[in-house]
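What follows is a short report on a single structure.
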2 protein chains.
Amino acid sequence: MPTKGERTRESILSTAESLILSNGYSGTSIDQIIGESGITKGGFFYHFDGKNDLAKHLVMRYLEQDEVFFNGLFERAYELTDDPLQQMLIFVKLLAEQMAELPSTHPGCLVATFTYESNQLDENVRELTADGVLSWRTLFANQLEKVVAAYPMRAEQSVETLADMLTGVIEGGILLSRCLENKDLLPRQLMQYHAYLKLLFQA
Amino acid sequence: MPTKGERTRESILSTAESLILSNGYSGTSIDQIIGESGITKGGFFYHFDGKNDLAKHLVMRYLEQDEVFFNGLFERAYELTDDPLQQMLIFVKLLAEQMAELPSTHPGCLVATFTYESNQLDENVRELTADGVLSWRTLFANQLEKVVAAYPMRAEQSVETLADMLTGVIEGGILLSRCLENKDLLPRQLMQYHAYLKLLFQA
DNA sequence: CCGTCAAGACCGACCAGTTGGTAGGAAATA
DNA sequence: TATTTCCTACCAACTGGTCGGTCTTGACGG
């Protein structure tokens, strides 16, 4: 079981994440974070070396949770079929369903938030966000490689670009759904990517 | 010709936009803006009622410029062909070319920046950003309606969702290109949408 | 079973610098 | 001269961050 320190640390990270997702990084003060997580200045700076250090740990935590989430969906897709194309289609479908089940509009992506305020963050955090995007590229591209090996592609697209498009559609969908306060938009955009893949690889 | 006041006003807006695009809204202080545009506090507050008022005028200016830009591309496409599908494809192609010609990575979208910090902005600005996204939806959807009227669609997608996808691909592409510092990514994503449209409407 | 003692966890007052914003007056312009 | 345009000086609130001290926990010896 986690120690007391680990629990408060986690509580700080959790409240900080939700605050930053809705107010931005510069728009969220340490005072706000400690106020909402019921800790004091001293307590905060005992656990983190500063605001940038907090950001670093936030991204790491975010990427870890994200990896678990995506891997779970892929594993579920593998259980359901052996065909690489169907696996990829099912993955996207499952992702869309998960996004549709959210109680309200998607809370936002930390990588996107930090990218749009990257000048406020040190090189350390910037590298982490880039690593995150690259890990998504790799994850999707690996599956798409299998699809390409099994099916002819009806347009000349690099697997990398096709993989990036899924990330882009997710990020774009999150942004639009937040801006318009329309929670259906994101899953619909994902199903649009789904349709693209079908057209691209099916006769 | 513009008066002295109009010129300084424009200079403030211009430097404020580039500062906010790279540092975020909360991450950009009024002191920074006045420092870089060579004016003083008093001068700034003579032209704008406050930071939020500046943001409001920034979005309005941004959307106006954007409309001119998009309309220009559509007019060019209309000159080149009468076929609605080809017009749309050419529009996307021209857009991709324009994005490819940028000297470095895309500077970022104000609507996106403000959406990710919407809690810092008053209802006024939030409405403007939403209006902007809706105007893009309408612009793209109008053209896509003509395409749908002339061609069968090989998947059941609403024109609105298809229009939103272009906005999403642009926003997602901007984000990824900034995060990875890769200027080629955005035009490539646009050509991906181009390929999708072709597959969707061509036999 | 209990005292003890160091390490871990946390507190809250304080600091210098920055924040958005104001007030009153001085140039510049028409 | 009247209006537009801009400047200087100032303010209260807040910013990220520091520091000395206090409480809590758990391992260990008696």
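We label chains A, B, ... in the order they appear in the structure tokens, count residues from 1 in each chain, and number ligands from 1 in the order shown.
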Within 8 Å of B:Val125, counting only C-alpha atoms (C1' of nucleotides), which residues qualify if same-chain residues fewer than 5 places away don't, as a CSV table (one decimal) with C-alpha atoms, in the first residue's frame?
```csv
chain,number,residue,atom,x,y,z
B,52,ASN,CA,-10.0,40.4,-22.0
B,55,ALA,CA,-8.4,39.0,-26.5
B,56,LYS,CA,-11.8,39.8,-28.0
B,59,VAL,CA,-10.1,36.8,-32.1
```
Enumerate as a PDB file with C-alpha atoms, in the first residue's frame the residues belonging to chain A that approach chain C to within 12 Å, with only C-alpha atoms (C1' of nucleotides) taken into account.
```pdb
ATOM      1  CA  THR A   3       2.769   5.641   2.013  1.00  0.00           C
ATOM      2  CA  LYS A   4       1.208   8.842   3.292  1.00  0.00           C
ATOM      3  CA  GLY A   5       3.581  10.920   1.196  1.00  0.00           C
ATOM      4  CA  GLU A   6       2.774   8.986  -1.951  1.00  0.00           C
ATOM      5  CA  ARG A   7      -0.921   9.545  -1.383  1.00  0.00           C
ATOM      6  CA  THR A   8      -0.673  13.331  -0.950  1.00  0.00           C
ATOM      7  CA  ARG A   9       1.715  13.441  -3.882  1.00  0.00           C
ATOM      8  CA  GLY A  27      -3.388  30.090 -15.728  1.00  0.00           C
ATOM      9  CA  GLY A  38      -5.831  20.817   1.047  1.00  0.00           C
ATOM     10  CA  ILE A  39      -2.088  21.149   1.465  1.00  0.00           C
ATOM     11  CA  THR A  40       0.179  24.134   2.161  1.00  0.00           C
ATOM     12  CA  LYS A  41       3.010  25.812   0.290  1.00  0.00           C
ATOM     13  CA  GLY A  42       5.631  24.023   2.291  1.00  0.00           C
ATOM     14  CA  GLY A  43       3.995  20.693   1.679  1.00  0.00           C
ATOM     15  CA  PHE A  44       3.887  21.279  -2.029  1.00  0.00           C
ATOM     16  CA  PHE A  45       7.534  22.247  -2.293  1.00  0.00           C
ATOM     17  CA  TYR A  46       8.479  19.251  -0.219  1.00  0.00           C
ATOM     18  CA  HIS A  47       7.067  16.987  -2.930  1.00  0.00           C
TER      19      HIS A  47
END
```
Against chain B, which residues of chain A fall within 6 Å? For each one I want the closest pair of atoms and the distance in Å (one decimal), counting only C-alpha atoms, rows by chain and increasing residue number, as CSV.
```
residue,atom,partner,partner_atom,distance
A:Asn23,CA,B:Glu117,CA,5.2
A:Gly24,CA,B:Glu117,CA,5.3
A:Ser26,CA,B:Gly27,CA,5.3
A:Gly27,CA,B:Ser26,CA,5.3
A:Thr115,CA,B:Cys179,CA,5.6
A:Glu117,CA,B:Asn23,CA,5.3
A:Asn119,CA,B:Asn23,CA,5.5
A:Ala130,CA,B:Leu180,CA,5.5
A:Gly168,CA,B:Gly172,CA,4.1
A:Val169,CA,B:Val169,CA,6.0
A:Glu171,CA,B:Gly172,CA,5.3
A:Gly172,CA,B:Gly168,CA,4.1
A:Gly173,CA,B:Gly168,CA,5.8
A:Cys179,CA,B:Thr115,CA,5.6
A:Leu180,CA,B:Ala130,CA,5.5
A:Tyr196,CA,B:Tyr196,CA,5.8
```
Export of the given selection (C-alpha atoms) as a compact mmCIF listing (two decimals), in the first residue's frame:
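Okay, this is what ended up in again.txt:
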```txt
# COMPACT_ATOMS: atom_id res chain seq x y z
CA ASN A 23 -7.19 26.75 -16.85
CA GLY A 24 -3.94 26.11 -18.67
CA SER A 26 0.24 29.59 -16.61
CA GLY A 27 -3.39 30.09 -15.73
CA THR A 115 2.41 22.24 -26.42
CA GLU A 117 2.30 26.87 -23.73
CA ASN A 119 7.55 28.50 -24.04
CA ALA A 130 7.31 15.12 -28.06
CA GLY A 168 -4.38 14.45 -35.05
CA VAL A 169 -8.02 13.47 -35.32
CA GLU A 171 -6.47 16.09 -30.72
CA GLY A 172 -8.54 18.02 -33.23
CA GLY A 173 -11.69 16.31 -32.05
CA CYS A 179 -14.75 24.76 -28.15
CA LEU A 180 -18.31 23.95 -29.20
CA TYR A 196 -11.18 6.37 -44.02
```
Exercise. Return the neighbours of chain B among the residues of chain D, cut-off 9 Å, counting only C-alpha atoms (C1' of nucleotides), as a list of chain:residue names.
Key: D:DT4, D:DT5, D:DC6, D:DC7, D:DT8
Quiz item: If you measure from atom CA of B:Tyr62 to atom CA of B:Leu128, what distance in Å do you get, rounded to one decimal?
Solution: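 Separation of atom CA of B:Tyr62 and atom CA of B:Leu128: 10.6 Å.
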Quiz prompt | Pairwise distance for atom CA of A:Ala141 and atom CA of A:Ala163, rounded to one decimal in Å | solution =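 So the two atoms, atom CA of A:Ala141 and atom CA of A:Ala163, lie 5.2 Å apart.
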Quiz prompt | Point-to-point distance in Å for atom CA of B:Glu64 and atom CA of A:Asp184 | solution = 28.1 Å
